[in-house]
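A short write-up of the structure that comes next.
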Amino acid sequence: MKTYNDLANLIFPDINLTIDDLEKRYPKRNLPEGAMVTRFAPSPTGFLHTGSLFTSLISSRFAKQSGGVFYIRLEDTDTKREIEGSGESLLKQLKVFGVEPDEGYLSDSKEIGNYGPYKQSNRADIYKVVIKHLISIGRAYPCFYTQEELSELRKKQEAEKVIPGVYGIYAKYRDLTPEEAINKINNGENFIIRFKSMGDHNNKIKFHDEIRGDLELTENDQDIVIYKSDGLPTYHFAHLVDDHFMRTTVVTRGEEWLPSLPIHLELFDTLGFERPKYAHFPVIMKVENGNRRKLSKRKDAEAACSFFLEQGYPVYGFIEYLLTIANSNYEEWRNSNLDKDFYDFKLSFDKMSLDGALFDLEKVESISKERMAYRKASDLANEVEAWAKEYNQEFYNKIVNNKDFLVNILNIEREKDNPRKDYAKYSDIYPIISFFYDDVFNNIDKNTLDWTVMKSKGEFKEVDKSIIKEFLIDYMNNYNVDIDEESWFNNLKDLANKYKFTSDRKAYKNNPNDFNGQVGDAAGFIRLALAGRKNTPNIYFVQKILGKDKVFNRINSIIEKF
Ligand code: GLU
């Protein structure tokens, strides 16, 4: 009589370790009460998805704020979907966003920690120990279905309108005797290994999710594949082994895994492993035409984290945005703790949204604007330089050529109580300030500038060029920005009045034809002459930064065209 033990030995003759050996090799972690061990377990299948950044950031925060451990495990058992090198590049991107593991996979040649290996393809023997055990207790079995048989089974089940899969009466090989199975293997028949479920689809099980609260789930009855023909386990099984032996306390993962939770629970219980806690994170959604849908790799540029780096959203703003979608009370906390580091905020599972976090690029922008406005100009200049080096060579060359010039520009209306908030990302900066650079200014077509002024709402009128010219010459003759802004503006007002640009709004409104325009229009002409555009940072400071010579050269180059 052959036994399940014989079957297990036939399949894994070289595996001599036992589960007990593994328990000893990976002892329980010695951590203070309440400390969480969390992980991020990406598959190396491409770029870093915004949803993955969200999951990893929040998981790492839970570990850090509880004095626990956050580790990274590379889930590379699906070799068909693997993209060469993407594991390492995921890690690099995470680092850019400030997510750094205490432990785990760092690169293909480097990992830290005592619970490794952290790359699943290097853990094949560990999985085999557990599978061998399951076979020996009759809870896993070799399944000899061919692909053709499986697709036939699927058709049959479709026709019978029953739940598809290998379970119960549809699991042809689950009740083979060890002898029968051994004979088939000895005959060279191909097989994979399935878990033998004892569940019943009609039963409900209760479970408490850290975010979703008490749940009622349908018990698993599927004999899922745990070991594939390539010698590697499937996700379901690898997750069980790894989260157990790496001593994860809370499995934080996307809610797309919630439907397979009953499988995982049955696996844990069968092995007598203590169940970890689970927190299924909301999927990041987007509103399109009034409907919610998942942020999609194919349709949405912002599904890839690289989008935010390319566009130059500052990492500190973006992380803060992710915190606002993680916990509904984050913003309130932020507003009353402006001087604190955002990581001083204590995240909690019960403040996480259940029905999908809504992604909102406008909100990303408004948070970034707010944060960028309070950066020191020199810090911001460093950030912009690093960004431009990678994404805007033209700007980068100018920055390196004269960094102080950029710092001065960025400093306009900065260090004050209510600073200007005109940049939401690094890529916004150059288009707004490029006129400061002479080559850019010289390239502006001076013949197409718009010298009209508003007469009344929606109606514009031409101002005689000779008047503008006289005004600008007079402005240069009396040029003085070595006084405070208010005095400068008062002088400008007097000069503008002289050329019939009035300070009296009401009078202008009633009789616009009595005037050439308003004071603001006259100031606008100076702006247009200096920058070739109608919107610029505060013109008083623009002049100080450009210096008198450049101011005069620019005004003269404009007047020449009149
Ligand atoms: N490798 C899985 C994924 O990328 C991880 C799921 C988990 O965190 O357990 O979706």
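Please note that chains go A, B, ... in the order of the structure tokens, that every chain numbers its residues from 1, and that ligands are numbered from 1 in the order shown.
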
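Using only C-alpha atoms, the protein and nucleic acid residues lying no more than 9 Å from segment 438-453 of chain A, apart from those fewer than 5 places from it along its own chain, are A:Glu459, A:Phe460, A:Lys461, A:Glu462, A:Val463, A:Lys465, A:Ile468, A:Asn516, A:Gly517, A:Gln518, A:Asp521, A:Gly524, A:Phe525, A:Leu528, A:Ala529, A:Leu530, A:Ala531, A:Gly532, A:Arg533, A:Lys534, A:Lys550, A:Arg554, A:Ser557, A:Ile558, A:Lys561, A:Phe562.
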
Would you mind exporting C-alpha atoms of the selected residues as a PDB file, in the first residue's frame?
ATOM      1  CA  GLU A 459     -14.895  95.560 -25.910  1.00  0.00           C
ATOM      2  CA  PHE A 460     -11.352  96.682 -26.665  1.00  0.00           C
ATOM      3  CA  LYS A 461      -9.866  99.744 -28.277  1.00  0.00           C
ATOM      4  CA  GLU A 462      -6.582 100.644 -29.929  1.00  0.00           C
ATOM      5  CA  VAL A 463      -4.376 103.200 -28.245  1.00  0.00           C
ATOM      6  CA  LYS A 465       1.089 104.059 -30.734  1.00  0.00           C
ATOM      7  CA  ILE A 468       2.343 104.658 -25.890  1.00  0.00           C
ATOM      8  CA  ASN A 516      -6.631 106.457 -23.315  1.00  0.00           C
ATOM      9  CA  GLY A 517      -7.185 103.822 -20.705  1.00  0.00           C
ATOM     10  CA  GLN A 518      -6.655 103.173 -17.016  1.00  0.00           C
ATOM     11  CA  ASP A 521      -3.321  99.567 -18.871  1.00  0.00           C
ATOM     12  CA  GLY A 524       0.422  96.618 -18.769  1.00  0.00           C
ATOM     13  CA  PHE A 525       2.288  98.429 -21.567  1.00  0.00           C
ATOM     14  CA  LEU A 528       4.333  94.012 -22.538  1.00  0.00           C
ATOM     15  CA  ALA A 529       7.463  95.944 -23.467  1.00  0.00           C
ATOM     16  CA  LEU A 530       9.576  94.080 -20.913  1.00  0.00           C
ATOM     17  CA  ALA A 531       8.224  90.610 -21.339  1.00  0.00           C
ATOM     18  CA  GLY A 532       6.364  90.494 -24.635  1.00  0.00           C
ATOM     19  CA  ARG A 533       3.360  89.126 -22.757  1.00  0.00           C
ATOM     20  CA  LYS A 534       0.493  90.229 -20.606  1.00  0.00           C
ATOM     21  CA  LYS A 550      18.062  95.430 -19.965  1.00  0.00           C
ATOM     22  CA  ARG A 554      13.859  95.941 -24.136  1.00  0.00           C
ATOM     23  CA  SER A 557      13.537  97.408 -28.999  1.00  0.00           C
ATOM     24  CA  ILE A 558       9.771  97.573 -28.746  1.00  0.00           C
ATOM     25  CA  LYS A 561       8.771  98.678 -34.065  1.00  0.00           C
ATOM     26  CA  PHE A 562       6.156 101.407 -33.658  1.00  0.00           C
TER      27      PHE A 562
END

Considering only C-alpha atoms, return as JSON, numbers by chain whatever protein or nucleic-acid residues lie within 12 Å of Leu90 of chain A, sequence-local ones (same chain, fewer than 4 positions apart) excluded. {"A": [40, 41, 42, 43, 44, 45, 46, 47, 48, 49, 50, 52, 53, 56, 72, 73, 74, 83, 84, 85, 86, 94, 95, 96, 97, 99, 100, 105, 106, 107, 108, 304, 305, 306]}

Please report the interatomic distance between atom CA of Tyr479 of chain A and atom CA of Arg505 of chain A in Å with one decimal. 25.7 Å

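You can rank A:Pro101, A:Pro13, A:Gly51, A:Pro537 by their closest distance to ligand 1 using only C-alpha atoms and all ligand atoms, and at the top of that list sits A:Gly51.
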
Selection: 12 Å around Asn491 of chain A, only C-alpha atoms, excl. self and same-chain fewer than 6 positions, as a list in words: Asp474, Tyr475, Asn478, Tyr479, Asn480, Val481, Ile483, Asp484, Glu485, Asn497, Lys498, Val519 and Ala523 of chain A

For the selection just defined, write its residues with C-alpha atoms to a file, as a short mmCIF file (atom, residue, chain, number, x, y, z; two decimals), in the first residue's frame.
data_model
loop_
_atom_site.label_atom_id
_atom_site.label_comp_id
_atom_site.auth_asym_id
_atom_site.auth_seq_id
_atom_site.Cartn_x
_atom_site.Cartn_y
_atom_site.Cartn_z
CA ASP A 474 8.87 109.41 -20.31
CA TYR A 475 8.84 106.33 -18.09
CA ASN A 478 12.04 109.09 -14.85
CA TYR A 479 13.02 105.47 -14.27
CA ASN A 480 13.53 104.60 -10.62
CA VAL A 481 13.03 101.23 -8.97
CA ILE A 483 12.45 102.95 -4.05
CA ASP A 484 9.84 100.78 -2.42
CA GLU A 485 7.14 99.19 -4.52
CA ASN A 497 -2.46 110.12 -15.51
CA LYS A 498 -0.36 112.56 -17.47
CA VAL A 519 -3.50 103.12 -14.92
CA ALA A 523 1.42 99.36 -16.34
#

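Distance check against Tyr141 of chain A using only C-alpha atoms: of A:Asp223, A:Asp360, A:Asp504, A:Glu75, the minimum falls on A:Asp223.
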
Counting only C-alpha atoms and all ligand atoms, the option among A:Val400, A:Leu261, A:Ile131, A:Ile19 closest to ligand 1: A:Leu261

Need the shell around segment 230-236 of chain A: protein/DNA/RNA residues with any atom at most 10 Å away, counting only C-alpha atoms. Skip same-chain ones fewer than 3 positions apart. Format as a ChimeraX atom specification? /A:75-79,120-125,127-128,131,192-193,224-227,239-241,257,260-261,263-264,267

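Using only C-alpha atoms for every distance, the candidate list A:Asp428, A:Glu310, A:Glu216, A:Glu274 yields A:Glu216 as the residue closest to Leu258 of chain A.
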
Determine, counting only C-alpha atoms, which protein, DNA and RNA residues have an atom within 12 Å of an atom of Ser66 of chain A; residues of the same chain fewer than 5 positions away are not included. Present the result as a ChimeraX atom specification. /A:31-38,59-61,249-250,344,346-348

As JSON, numbers by chain, please: every residue in segment 260-313 of chain A that a backbone DSSP assignment puts in strand (DSSP E). {"A": [277, 278, 279, 280, 281, 284, 285, 286, 287, 288, 291, 292, 293, 294]}

Those of segment 110-347 of chain A in DSSP alpha helix (DSSP H), formatted as a ChimeraX atom specification: /A:124-136,147-160,178-186,235-245,261-271,305-311,315-326,330-336

Considering only C-alpha atoms and all ligand atoms, can you say which of A:Thr252, A:Asn402, A:Asn289, A:Asn202 comes closest to ligand 1? A:Thr252

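The closest residue to Asp482 of chain A, picked from A:Arg275, A:Arg194, A:Lys548, A:Lys469 and counting only C-alpha atoms, is A:Lys548.
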
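For the atom pair formed by atom CA of Tyr4 of chain A and atom CA of Ser197 of chain A, the distance is 16.3 Å, given to one decimal.
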
One number please: atom CA of Tyr499 of chain A to atom CA of Asn535 of chain A, in Å, one decimal. 22.7 Å
